[in-house]
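Colleague: Encoded as structure tokens, here's the structure I'll be asking about.
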Amino acid sequence: MSEKLTQRTAWNRVLDKLSGRSLWMLHYCTGCGAIELPPTMTGRFDMERFGIHPMVTPRQADILLITGYLSVKTLKRVILTYEQMQSPKWVVGFGSCTINGGMYWNSYATVKSLDQYMPVELYIAGCMPRPEAIISSFNELIDRIGRGEANSWKDYYENYDFYRKNQEHVFGGPINTRTDVKSDKETFRIQSAGK
Amino acid sequence: MSEVLERINRSFDEPEDEHDEVREYTLFIGPNHPGIEGNFALKLSLEGDTIVRAKTDGGYLHRGFEKLMEERLFMQNIAIVCRICVPDPDPNEENYARAVEAIAGIEVPERAKWIRVLVLELSRIASHLFTFGGHAGTIGLYTMPNWSIADRDRILDLFEELTGGRVYHIYNMPGGVRRDFPDGFERRVHEVMDYIESRLPDYDDLFFNNAILRKRAEGIGVLTSDQAIRWGATGPNLRAVGIPADLRRDDTYEVYDKLEFDIPTLTGGDALDRLLVRRKEIEESIRIVRQVVDNIPSGKVWNKQPNPLKWRVPAGDAYVRTESSKGEYAYYMVSDGGQRPYRVHVRGASTTHGVHILENLLVGTRIEDASQVMFSLDACPPEVDR
Amino acid sequence: MSTVSLVLWIIFLPFIAYFLGVLLLGWGKKYTARLQRRYGPYLFQVFFDSIKLLRKRTNISHGWMQDVSVLMLLGGTILTMYFVPFPGFHFFSQYGDFLVVMYLILVPSLGMALGVGETANPNGSIGISRALQMLAGYDIPFALAFIGMAMIHGSTNFYELILRQQELGIAGWGIVTNPFLGIAALFALHGMMGEKPFEVVIAPHEIATGPMTEMGGKYMGMMMITHALQVVVELTIFINLFLGGAENWITYIIKIFALFTIILSVNAVFGRFRVDDAVRFFWKIPLPLAVIGVIFVMI
Amino acid sequence: MTNEQDIINRIEAAYPDAVCKKKQERRVEACLPPDRLFDFAGRMQSHWNFPHLSAISCVDWINEGEFELVYHFWSYEEKILVSAKIRIPREEARFISITELWQPAKFFERDIHEMFGVVFEGNDDLEKYILTEWEGPPPMRKDFVTRDFANRFYHFKEYEAEWMGPQQNPQAADVQGGSNE
């Protein structure tokens, strides 16, 4: 079964390559890293030349760029947003604060490790990373999609209990996100490729 | 959007009277919405298209800076203060450095004072260019952000050359600034200033004189001079109602008293005038930067301070204020004679116009103008949340 | 027209129009990007977007009406396309004149309204109400322009209209014989295509793309395809009415790109109106122009 | 234009129990008993022409068991900033609100209520604003230590890097040693 899934037909290879050329990024300024997004999107760095375009609603977006630290209050909204996005979807953690708290390591208000709450495809280290770093990481993501290796999103369906447990720990109780992840998994027959 | 989508509020306010049932509904704008400056939310009660009540919802960017500063050494805090206001970080460093200097009685070399003015004014230009991009975005004129934010990058390049950082500079320290100009820096500052000045007529053609902007921004979010004082407006928002109040003049700091500049004012108090005041301020800032680069005295840039790991600042308190691009930016610092500040209170410039004034101005405007009002006030959520 | 070629046309016209639409939109993005001093996306960006969207694995639906609405969008647009003459294909326009087109062109927006109602998003509802208000603005000048042209040529048949315009060369084009109607229709076309300053329906900074807020994945993919087709159909209608149609594909492509570039140039340097201002604009300028044009014809 | 000393004289004439001093250029400090603050603030606004409330700061003097509230008033004409300081007991901290005089005080008072737990009587909007997802104690109080809280509550990633070598991180060393052999 798993072998069959990992083997891609030539047709799928072509389509993977093509769909890597179009990435829509959710336009959500979660933290201070958002200040480097306008330069990346506009005149000087122009990430649209790689087919990366900002989108305003989660339903249409492919990339959720977490631009920096997440306060607990924002994390709740980010999880809602993440679950509303349609798979395949990728989370890119931007800045040191998503990796291990960064310079807010002793803050009571920010979460320290993003991959406890949602599967992260790529991290960009730095405080803050430059626009070139954003673009190069997106190019890495495009390559992975083209090779059919960008499968981190399946992890959320597979290990949903783990993520939900961590989320509830932070919020201090059950949360209702109104997206039934488990039944989505069955409805759309999502299976993890490598595991 | 997550707010909008998930808590899509079909829950109309509880009907008091049977027939009134469907007159009012609630709409969440933000925190994930392009028409909002940063990570911030508005909860609007609407009747048809008109806003009858508005509440802001902040705290999405709360990191507890004031608490973090109490747990760090005086020197360590320089690295984190600039993160408080992201688009315009330098007033934070300036305030922090001046507060420590005021408590500890540290002298600053003359050259460092001039360099600080240069950095503050460059930061003001960059921040205003950023705001123009945002404001143009709210009315759908996407050519303007592409131009102005790309031009802002030239200033960021100057910063990078001078301080090593594009966005966060960590450059002002108690006792001076971290390093002197690199070779030929003065010339490059002049080049960038000339370039930005040459671009201003283009911005006028594209944006400030654009018929649609005039039509949409005129008469939107009008603030009268009486309201501005009563609601505590500061900075460009206060100058747009005709009050020439500017901390650079009134509560002068560094070397602003030696420089020639005007304080532009307009009298309309609407969104358009607030925008035009900022546009005029860019010209004044360019003037200041040129004066600084031409007249800067030579000398050292930093008076050496004791070992930062053992540095104790004597007990005392100080309230320092800086005119940032958004308005009055103030720090209240208390030291109890220890190695760490006892308490730092940050009064972000947007705490008045980003919350109270915004809530009041939104009432009576229409939903399509909500984000325009917010951008014209230039509210900066990280300052509110800290 | 032989049966074989007719069937081939019916099968392949949507694909040709889609290809043309992708090229047009890609050109539009490139052109706007250059005005904005940047490089711009791939020329076939819209094609990649649709591929990606159609390959989405999950597709969260709010009810069957949402599924139907997307089909109505696509189906309605393709149906409209068959009644509009393209170079070498004008079979159906013999049977249905442009009154049919006027009617059919409303079907997609109605489908959209139904589907968006199902998603129950306030932004979507505001967007739809704005779309219907805009319809009241641009539809009357456009209808008057249609009527005026029909009165000039004494026919409501697209194909005859094109032939009559082509008899006289450029002097016979609708925009030359009756510039009032032509300009009114150009404004109306601008509003119909939803380009700035008439971009109120999707207005990302105000209502977060309005009707499309809840449309993700495959829905959005279908809408992208529809959008590419709609651009072609709307521009072609204008070309047929006022720019003398097209004798062959070369002149057709030149005309469609030139017309689209004019619209894009306006789009790049204007913000968007408020919806009431937009409707008021349509009633202040294009509508009187269209009325003058019609009176001019009657005299 | 009046100078700092005139303001000090004026305050001391009206409030004999106030302790005033000039801190630096354009800065005047006035320590008041808490019950005089509201009256003082009203007089500042209506009689002495200090229309701008710059900020309200709160300092937690835990050893003395007191909160210090500092009201910063600025005059556009005199160009002088007066900081009025009052002290209130730390337990069950309550104070009277000045929102009817200054509307911007709404935000500052709400902020102090959230961060320190001081209740302002007369402020009708003391709902949570920033810390809506927070259930702990008011975080800016000195007895709340954010470092301990963060270490206890949040998950930190183990830092493993090759250059750190085996001494620094014994767990990583085991893995590495195994893979090298």
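Letters for chains follow the order of the structure tokens (A, B, ...), residue numbers begin at 1 for each chain, and ligand numbers begin at 1 in the order shown.
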Can you pull out the residues contacting Ala84 (chain D)? Cut-off 7 Å, using only C-alpha atoms, and skip same-chain residues under 2 positions away; I want them as a ChimeraX atom specification.
Modeller: /D:29-32,70-72,82,86
Colleague: How close does each residue of chain C get to chain B, giving the shortest atom pair and distance in Å to one decimal for every residue with an atom at most 8 Å away, counting only C-alpha atoms, sorted by chain and residue number, as a tab-separated table?
Modeller:
```
residue	atom	partner	partner_atom	distance
C:Leu35	CA	B:Thr143	CA	7.4
C:Gln36	CA	B:Thr143	CA	5.1
C:Arg37	CA	B:Trp147	CA	7.1
C:Arg38	CA	B:Asn146	CA	8.0
C:Asn121	CA	B:Ile8	CA	6.5
C:Pro122	CA	B:Ile8	CA	7.0
C:Lys196	CA	B:Gly140	CA	7.7
C:Pro197	CA	B:Ile212	CA	7.9
C:Ala203	CA	B:Gly140	CA	7.3
C:Pro204	CA	B:Pro34	CA	6.9
C:His205	CA	B:Gly35	CA	4.2
C:Glu206	CA	B:Glu368	CA	5.2
C:Ile207	CA	B:Glu368	CA	7.7
C:Ala208	CA	B:His33	CA	6.8
C:Ala268	CA	B:Thr143	CA	6.4
C:Val269	CA	B:Leu206	CA	6.6
C:Phe270	CA	B:Leu141	CA	5.7
C:Gly271	CA	B:Leu141	CA	4.2
C:Arg272	CA	B:Gly140	CA	5.6
C:Phe273	CA	B:Ile212	CA	6.5
C:Arg274	CA	B:Glu368	CA	7.1
```
Colleague: Please, could you write that set of residues out with N, CA, C and O atoms as a tab-separated table (two decimals), in the first residue's frame?
Modeller:
```
chain	number	residue	atom	x	y	z
C	35	LEU	N	4.27	48.11	-14.60
C	35	LEU	CA	3.91	49.47	-14.17
C	35	LEU	C	4.28	49.69	-12.72
C	35	LEU	O	4.62	50.79	-12.32
C	36	GLN	N	4.21	48.61	-11.95
C	36	GLN	CA	4.54	48.72	-10.53
C	36	GLN	C	6.02	48.54	-10.27
C	36	GLN	O	6.42	48.35	-9.14
C	37	ARG	N	6.81	48.53	-11.30
C	37	ARG	CA	8.27	48.42	-11.20
C	37	ARG	C	8.71	47.09	-10.63
C	37	ARG	O	9.58	47.03	-9.77
C	38	ARG	N	8.08	46.02	-11.03
C	38	ARG	CA	8.59	44.72	-10.65
C	38	ARG	C	8.48	43.76	-11.81
C	38	ARG	O	7.99	44.11	-12.87
C	121	ASN	N	-21.51	33.52	4.82
C	121	ASN	CA	-20.45	34.40	5.31
C	121	ASN	C	-20.90	35.83	5.12
C	121	ASN	O	-21.28	36.21	4.01
C	122	PRO	N	-20.84	36.67	6.15
C	122	PRO	CA	-21.34	38.04	5.97
C	122	PRO	C	-20.56	38.81	4.91
C	122	PRO	O	-21.15	39.60	4.18
C	196	LYS	N	-10.54	47.82	-11.30
C	196	LYS	CA	-10.57	49.10	-10.61
C	196	LYS	C	-10.77	50.21	-11.61
C	196	LYS	O	-10.27	50.12	-12.70
C	197	PRO	N	-11.49	51.26	-11.29
C	197	PRO	CA	-12.04	51.60	-9.97
C	197	PRO	C	-13.36	50.92	-9.62
C	197	PRO	O	-13.97	51.33	-8.64
C	203	ALA	N	-13.09	43.58	-3.46
C	203	ALA	CA	-12.45	44.47	-2.50
C	203	ALA	C	-11.72	43.81	-1.32
C	203	ALA	O	-12.26	43.77	-0.22
C	204	PRO	N	-10.52	43.27	-1.53
C	204	PRO	CA	-9.88	42.49	-0.47
C	204	PRO	C	-9.71	43.25	0.84
C	204	PRO	O	-9.82	42.65	1.90
C	205	HIS	N	-9.43	44.54	0.79
C	205	HIS	CA	-9.17	45.25	2.04
C	205	HIS	C	-10.44	45.60	2.78
C	205	HIS	O	-10.38	46.07	3.89
C	206	GLU	N	-11.58	45.45	2.14
C	206	GLU	CA	-12.80	45.81	2.84
C	206	GLU	C	-13.55	44.57	3.30
C	206	GLU	O	-13.87	44.43	4.46
C	207	ILE	N	-13.84	43.67	2.35
C	207	ILE	CA	-14.67	42.53	2.70
C	207	ILE	C	-13.97	41.22	2.36
C	207	ILE	O	-14.62	40.20	2.20
C	208	ALA	N	-12.62	41.28	2.28
C	208	ALA	CA	-11.85	40.04	2.12
C	208	ALA	C	-12.33	39.19	0.95
C	208	ALA	O	-12.75	38.06	1.11
C	268	ALA	N	-4.51	50.02	-13.17
C	268	ALA	CA	-3.29	50.11	-12.38
C	268	ALA	C	-3.15	51.42	-11.64
C	268	ALA	O	-2.45	51.48	-10.64
C	269	VAL	N	-3.76	52.48	-12.10
C	269	VAL	CA	-3.50	53.77	-11.49
C	269	VAL	C	-4.70	54.32	-10.72
C	269	VAL	O	-4.68	55.47	-10.32
C	270	PHE	N	-5.71	53.50	-10.51
C	270	PHE	CA	-6.84	53.98	-9.72
C	270	PHE	C	-7.10	53.07	-8.53
C	270	PHE	O	-6.83	51.87	-8.59
C	271	GLY	N	-7.61	53.66	-7.49
C	271	GLY	CA	-8.13	52.87	-6.39
C	271	GLY	C	-9.54	52.47	-6.71
C	271	GLY	O	-9.98	52.62	-7.84
C	272	ARG	N	-10.24	51.98	-5.70
C	272	ARG	CA	-11.61	51.59	-5.99
C	272	ARG	C	-12.59	52.58	-5.37
C	272	ARG	O	-12.36	53.16	-4.32
C	273	PHE	N	-13.70	52.72	-6.11
C	273	PHE	CA	-14.79	53.57	-5.63
C	273	PHE	C	-15.49	52.90	-4.45
C	273	PHE	O	-15.41	51.69	-4.29
C	274	ARG	N	-16.22	53.69	-3.70
C	274	ARG	CA	-17.22	53.11	-2.84
C	274	ARG	C	-18.37	52.64	-3.73
C	274	ARG	O	-18.55	53.17	-4.82
```
Colleague: Taking only C-alpha atoms into account, which of C:Thr58, C:Thr236, C:Ser2, C:Gln45 comes nearest Ile253 (chain C)?
Modeller: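 Smallest separation from Ile253 (chain C) among the options: C:Thr236.
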Colleague: Sorted by chain and rising residue number, list the residues of chain B at most 7 Å from chain D (counting only C-alpha atoms), each with its closest atom pair and distance in Å to one decimal, as a Markdown table.
Modeller:
```
| residue | atom | partner | partner_atom | distance |
| --- | --- | --- | --- | --- |
| B:Asp57 | CA | D:Tyr129 | CA | 6.5 |
| B:Gly58 | CA | D:Ile130 | CA | 5.7 |
| B:Gly59 | CA | D:Ile130 | CA | 3.7 |
| B:His62 | CA | D:Ile130 | CA | 6.9 |
| B:Lys67 | CA | D:Met140 | CA | 6.0 |
| B:Ile229 | CA | D:His52 | CA | 6.9 |
| B:Arg230 | CA | D:Trp102 | CA | 6.9 |
| B:Trp231 | CA | D:Pro104 | CA | 5.8 |
| B:Gly232 | CA | D:Pro104 | CA | 6.0 |
| B:Asp250 | CA | D:Lys79 | CA | 6.0 |
| B:Asp251 | CA | D:Lys79 | CA | 6.7 |
| B:Arg343 | CA | D:Val59 | CA | 6.5 |
| B:His345 | CA | D:Ser57 | CA | 6.2 |
| B:Arg347 | CA | D:Ala55 | CA | 6.5 |
| B:Thr352 | CA | D:Pro104 | CA | 6.0 |
| B:His356 | CA | D:Pro104 | CA | 6.7 |
| B:Asp385 | CA | D:Ile130 | CA | 6.6 |
```
Colleague: For Tyr103 (chain C), please output as number ranges by chain all residues within 12 Å (counting only C-alpha atoms; exclusion window: fewer than 3 positions along the same chain).
Modeller: C: 76-77, 79-80, 83, 96-100, 106-110, 139, 143
Colleague: Could the residues in this selection be saved with C-alpha atoms as a compact mmCIF listing (two decimals), in the first residue's frame?
Modeller:
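Wrote selection04.txt, looks like this:
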```
# COMPACT_ATOMS: atom_id res chain seq x y z
CA GLY C 76 -23.52 29.74 -17.82
CA THR C 77 -20.30 31.25 -19.06
CA LEU C 79 -23.27 28.78 -22.81
CA THR C 80 -22.91 32.53 -23.25
CA PHE C 83 -23.89 32.62 -28.64
CA GLY C 96 -29.93 33.60 -30.67
CA ASP C 97 -29.35 37.30 -31.04
CA PHE C 98 -27.73 39.48 -28.47
CA LEU C 99 -30.83 39.73 -26.38
CA VAL C 100 -30.12 36.12 -25.51
CA LEU C 106 -26.70 37.30 -15.88
CA VAL C 107 -26.82 33.58 -15.16
CA PRO C 108 -23.33 33.28 -13.69
CA SER C 109 -23.86 36.12 -11.24
CA LEU C 110 -27.14 34.62 -10.10
CA ASP C 139 -26.29 47.05 -17.03
CA ALA C 143 -28.29 47.58 -22.60
```
Colleague: Just the helix (DSSP H, G or I) stuff from region 95-193 of chain B, please, per backbone DSSP, written as a PyMOL selection string.
Modeller: chain B and resi 95-104+110-138+143-163+185-193
Colleague: Which residues of chain A come within 10 Å of chain D, and for each one, what is the closest pair of atoms and their distance in Å to one decimal, counting only C-alpha atoms, sorted by chain and residue number, as CSV?
Modeller:
```
residue,atom,partner,partner_atom,distance
A:Ser71,CA,D:Glu133,CA,9.6
A:Val72,CA,D:Glu133,CA,6.9
A:Lys73,CA,D:Glu133,CA,5.9
A:Thr74,CA,D:Glu133,CA,9.7
A:Lys76,CA,D:Glu133,CA,9.2
A:Ile99,CA,D:Lys157,CA,7.8
A:Asn100,CA,D:Lys157,CA,6.1
A:Gly101,CA,D:Phe156,CA,7.9
A:Tyr104,CA,D:Ala150,CA,9.7
A:Trp105,CA,D:Ala150,CA,7.5
A:Asn106,CA,D:Arg147,CA,4.6
A:Ser107,CA,D:Thr146,CA,6.0
A:Tyr108,CA,D:Thr146,CA,5.4
A:Ala109,CA,D:Trp134,CA,8.4
A:Thr110,CA,D:Ala150,CA,8.7
A:Val111,CA,D:Tyr154,CA,6.5
A:Lys112,CA,D:Phe156,CA,6.2
A:Ser113,CA,D:Phe156,CA,6.3
A:Leu114,CA,D:His155,CA,9.7
A:Asp115,CA,D:Lys157,CA,9.6
A:Gln116,CA,D:His155,CA,7.9
A:Asn166,CA,D:His155,CA,9.1
A:His169,CA,D:Phe153,CA,8.6
A:Val170,CA,D:Tyr154,CA,7.8
A:Phe171,CA,D:Glu133,CA,7.0
A:Gly172,CA,D:Glu135,CA,8.7
```
Colleague: Starting from chain A, keep only residues with some atom at most 10 Å from an atom of chain B, counting only C-alpha atoms, and report them as a PyMOL selection string.
Modeller: chain A and resi 26-36+38-46+54-59+69-84+103-111+127-130+176-179
Colleague: With a distance threshold of 8 Å and counting only C-alpha atoms, extract the residues of chain C near chain A and express them as a list in words.
Modeller: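 Every residue meeting the condition is included here: Gln36, Arg37, Arg38, Tyr39, Gly40, Pro41, Tyr42, Gln45, Phe48, Asp49, Ile51, Lys52, Lys56, Arg57, Thr58, Asn59, Ile60, Pro204, Ala208, Thr209, Thr213, Glu214, Met215, Gly216, Gly217 and Met220 of chain C.
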Colleague: Looking only at strand (DSSP E or B) from DSSP on the backbone, list the matching residues of region 35-158 of chain A as a PDB file with C-alpha atoms, in the first residue's frame.
Modeller:
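So out_4.pdb came out as:
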```
ATOM      1  CA  ILE A  52       3.819  33.207  -4.744  1.00  0.00           C
ATOM      2  CA  HIS A  53       0.920  35.513  -4.255  1.00  0.00           C
ATOM      3  CA  PRO A  54      -0.669  36.837  -1.073  1.00  0.00           C
ATOM      4  CA  MET A  55      -4.235  35.705  -0.464  1.00  0.00           C
ATOM      5  CA  ILE A  63       0.981  28.528   2.852  1.00  0.00           C
ATOM      6  CA  LEU A  64       0.481  29.753   6.364  1.00  0.00           C
ATOM      7  CA  LEU A  65       3.496  31.887   7.111  1.00  0.00           C
ATOM      8  CA  ILE A  66       3.871  32.324  10.862  1.00  0.00           C
ATOM      9  CA  THR A  67       5.795  35.561  10.947  1.00  0.00           C
ATOM     10  CA  LEU A  70       2.715  33.661  18.664  1.00  0.00           C
ATOM     11  CA  SER A  71       0.966  34.913  21.714  1.00  0.00           C
ATOM     12  CA  TRP A  90       2.083  24.039   4.523  1.00  0.00           C
ATOM     13  CA  VAL A  91       3.180  25.971   7.585  1.00  0.00           C
ATOM     14  CA  VAL A  92       6.382  27.954   7.371  1.00  0.00           C
ATOM     15  CA  GLY A  93       7.788  29.118  10.692  1.00  0.00           C
ATOM     16  CA  PHE A  94       9.534  32.407  10.252  1.00  0.00           C
ATOM     17  CA  THR A 110       4.120  33.575  23.826  1.00  0.00           C
ATOM     18  CA  VAL A 111       4.298  29.921  22.911  1.00  0.00           C
ATOM     19  CA  LEU A 122      10.059  24.635   7.068  1.00  0.00           C
ATOM     20  CA  TYR A 123      11.678  26.913   9.580  1.00  0.00           C
ATOM     21  CA  ILE A 124      13.521  30.087   8.683  1.00  0.00           C
TER      22      ILE A 124
END
```
Colleague: List as JSON, numbers by chain the protein and nucleic acid residues near Ala150 (chain A), meaning an atom at most 9 Å away when only C-alpha atoms are counted, but skip any in the same chain fewer than 3 places from it.
Modeller: {"A": [88, 90, 121, 141, 142, 143, 144, 145, 146, 147, 153]}
Colleague: Quick one: write out the picked residues with C-alpha atoms as a PDB file, in the first residue's frame?
Modeller:
```pdb
ATOM      1  CA  PRO A  88      -2.375  20.223   0.950  1.00  0.00           C
ATOM      2  CA  TRP A  90       2.083  24.039   4.523  1.00  0.00           C
ATOM      3  CA  GLU A 121       7.169  22.166   6.876  1.00  0.00           C
ATOM      4  CA  LEU A 141       9.323  24.508  -0.592  1.00  0.00           C
ATOM      5  CA  ILE A 142       8.608  24.683  -4.316  1.00  0.00           C
ATOM      6  CA  ASP A 143      11.330  22.119  -4.929  1.00  0.00           C
ATOM      7  CA  ARG A 144       9.910  19.804  -2.312  1.00  0.00           C
ATOM      8  CA  ILE A 145       6.439  20.079  -3.789  1.00  0.00           C
ATOM      9  CA  GLY A 146       7.861  19.327  -7.207  1.00  0.00           C
ATOM     10  CA  ARG A 147       9.558  16.232  -5.820  1.00  0.00           C
ATOM     11  CA  TRP A 153       0.375  18.463   6.315  1.00  0.00           C
TER      12      TRP A 153
END
```
Colleague: Considering only C-alpha atoms, return as a list in words whatever protein or nucleic-acid residues lie within 12 Å of Asn9 (chain D), sequence-local ones (same chain, fewer than 3 positions apart) excluded.
Modeller: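 Listing them by chain and then by number gives Thr2, Asn3, Glu4, Gln5, Asp6, Glu12, Ala13, Ala14, Tyr15, Pro16, Ala18, Val19, Cys20, Lys21, Lys22, Val28 and Ala30 of chain D.
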Colleague: With all heavy atoms kept, could you save the residues just selected as a compact mmCIF listing (two decimals), in the first residue's frame?
Modeller:
```txt
# COMPACT_ATOMS: atom_id res chain seq x y z
N THR D 2 5.73 80.43 31.86
CA THR D 2 6.11 80.13 33.25
C THR D 2 7.23 79.10 33.26
O THR D 2 7.37 78.31 32.34
CB THR D 2 4.91 79.53 34.00
OG1 THR D 2 4.35 78.53 33.18
CG2 THR D 2 3.89 80.58 34.31
N ASN D 3 8.00 79.10 34.32
CA ASN D 3 9.01 78.07 34.41
C ASN D 3 8.60 77.05 35.46
O ASN D 3 7.52 77.14 36.05
CB ASN D 3 10.39 78.67 34.68
CG ASN D 3 10.42 79.39 36.00
OD1 ASN D 3 9.59 79.15 36.86
ND2 ASN D 3 11.38 80.29 36.14
N GLU D 4 9.48 76.08 35.67
CA GLU D 4 9.13 74.97 36.55
C GLU D 4 8.82 75.45 37.95
O GLU D 4 7.92 74.94 38.62
CB GLU D 4 10.28 73.96 36.58
CG GLU D 4 10.52 73.25 35.26
CD GLU D 4 11.42 74.03 34.33
OE1 GLU D 4 11.74 75.19 34.65
OE2 GLU D 4 11.80 73.50 33.27
N GLN D 5 9.59 76.46 38.41
CA GLN D 5 9.42 76.90 39.80
C GLN D 5 8.03 77.51 40.03
O GLN D 5 7.43 77.30 41.08
CB GLN D 5 10.53 77.91 40.15
CG GLN D 5 10.68 78.14 41.65
CD GLN D 5 10.92 76.83 42.41
OE1 GLN D 5 11.69 75.97 41.97
NE2 GLN D 5 10.24 76.65 43.53
N ASP D 6 7.53 78.23 39.00
CA ASP D 6 6.19 78.81 39.14
C ASP D 6 5.14 77.73 39.34
O ASP D 6 4.24 77.86 40.18
CB ASP D 6 5.83 79.62 37.88
CG ASP D 6 6.74 80.81 37.72
OD1 ASP D 6 7.35 81.19 38.73
OD2 ASP D 6 6.84 81.33 36.60
N GLU D 12 2.13 74.03 45.39
CA GLU D 12 2.31 74.00 46.84
C GLU D 12 1.37 74.96 47.54
O GLU D 12 0.96 74.74 48.68
CB GLU D 12 3.77 74.30 47.18
CG GLU D 12 4.62 73.05 46.99
CD GLU D 12 6.08 73.26 47.25
OE1 GLU D 12 6.48 74.44 47.28
OE2 GLU D 12 6.80 72.27 47.41
N ALA D 13 1.01 76.06 46.83
CA ALA D 13 0.05 76.99 47.43
C ALA D 13 -1.33 76.34 47.55
O ALA D 13 -2.02 76.51 48.55
CB ALA D 13 -0.03 78.26 46.59
N ALA D 14 -1.70 75.59 46.52
CA ALA D 14 -3.04 75.01 46.53
C ALA D 14 -3.08 73.75 47.39
O ALA D 14 -4.12 73.44 47.97
CB ALA D 14 -3.48 74.70 45.11
N TYR D 15 -1.99 72.99 47.41
CA TYR D 15 -1.97 71.73 48.15
C TYR D 15 -0.80 71.75 49.11
O TYR D 15 0.32 71.37 48.75
CB TYR D 15 -1.86 70.54 47.20
CG TYR D 15 -2.99 70.46 46.24
CD1 TYR D 15 -2.90 71.04 44.98
CD2 TYR D 15 -4.17 69.83 46.60
CE1 TYR D 15 -3.95 71.00 44.11
CE2 TYR D 15 -5.24 69.78 45.72
CZ TYR D 15 -5.12 70.36 44.48
OH TYR D 15 -6.17 70.31 43.64
N PRO D 16 -1.02 72.20 50.33
CA PRO D 16 0.11 72.30 51.25
C PRO D 16 0.73 70.96 51.58
O PRO D 16 1.92 70.90 51.93
CB PRO D 16 -0.52 72.91 52.51
CG PRO D 16 -1.86 73.42 52.08
CD PRO D 16 -2.28 72.66 50.90
N ALA D 18 1.37 68.58 49.50
CA ALA D 18 2.08 68.00 48.36
C ALA D 18 3.58 68.27 48.49
O ALA D 18 4.00 69.30 48.99
CB ALA D 18 1.57 68.60 47.07
N VAL D 19 4.37 67.30 48.01
CA VAL D 19 5.83 67.46 48.01
C VAL D 19 6.27 67.58 46.56
O VAL D 19 6.10 66.65 45.78
CB VAL D 19 6.53 66.26 48.67
CG1 VAL D 19 8.03 66.48 48.66
CG2 VAL D 19 6.00 66.05 50.06
N CYS D 20 6.78 68.73 46.17
CA CYS D 20 7.11 68.96 44.76
C CYS D 20 8.60 69.15 44.61
O CYS D 20 9.29 69.63 45.51
CB CYS D 20 6.42 70.22 44.24
SG CYS D 20 4.66 70.09 44.28
N LYS D 21 9.09 68.78 43.44
CA LYS D 21 10.47 69.13 43.12
C LYS D 21 10.65 69.12 41.61
O LYS D 21 9.89 68.49 40.86
CB LYS D 21 11.45 68.19 43.80
CG LYS D 21 11.48 66.79 43.25
CD LYS D 21 12.60 65.99 43.88
CE LYS D 21 12.61 64.59 43.32
NZ LYS D 21 13.22 63.58 44.15
N LYS D 22 11.67 69.84 41.19
CA LYS D 22 12.00 69.86 39.77
C LYS D 22 12.96 68.72 39.49
O LYS D 22 14.02 68.64 40.10
CB LYS D 22 12.64 71.21 39.41
CG LYS D 22 13.05 71.31 37.97
CD LYS D 22 13.81 72.57 37.69
CE LYS D 22 14.45 72.46 36.32
NZ LYS D 22 15.28 73.62 36.00
N VAL D 28 8.36 68.21 36.32
CA VAL D 28 8.05 68.54 37.70
C VAL D 28 7.39 67.33 38.33
O VAL D 28 6.54 66.68 37.70
CB VAL D 28 7.12 69.77 37.78
CG1 VAL D 28 6.59 69.96 39.18
CG2 VAL D 28 7.85 71.01 37.34
N ALA D 30 5.25 65.80 41.64
CA ALA D 30 4.44 66.19 42.80
C ALA D 30 3.93 64.95 43.48
O ALA D 30 3.20 64.16 42.86
CB ALA D 30 3.28 67.07 42.36
```
Colleague: To one decimal place, how far is CA of Asn123 (chain C) from CA of Gly210 (chain C) in Å?
Modeller: 5.1 Å
Colleague: Find the residues near region 161-163 of chain C: any atom within 6 Å, counting only C-alpha atoms, skip ones fewer than 3 places away on the same chain, and give them as a VMD selection string.
Modeller: chain C and resid 158 166 244 to 245
Colleague: Let's have the selection written as a tab-separated table (two decimals), in the first residue's frame, with N, CA and C atoms.
Modeller:
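The resulting file, again_19.tsv, is reproduced below:
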```tsv
chain	number	residue	atom	x	y	z
C	158	PHE	N	-25.89	39.47	-33.95
C	158	PHE	CA	-24.47	39.80	-33.85
C	158	PHE	C	-23.76	39.71	-35.19
C	166	GLN	N	-17.99	45.70	-40.94
C	166	GLN	CA	-16.79	45.41	-41.70
C	166	GLN	C	-16.87	45.91	-43.14
C	244	GLY	N	-15.93	46.39	-34.75
C	244	GLY	CA	-16.05	45.74	-36.05
C	244	GLY	C	-15.77	44.26	-36.04
C	245	GLY	N	-15.93	43.61	-34.90
C	245	GLY	CA	-15.71	42.17	-34.88
C	245	GLY	C	-14.30	41.83	-35.30
```
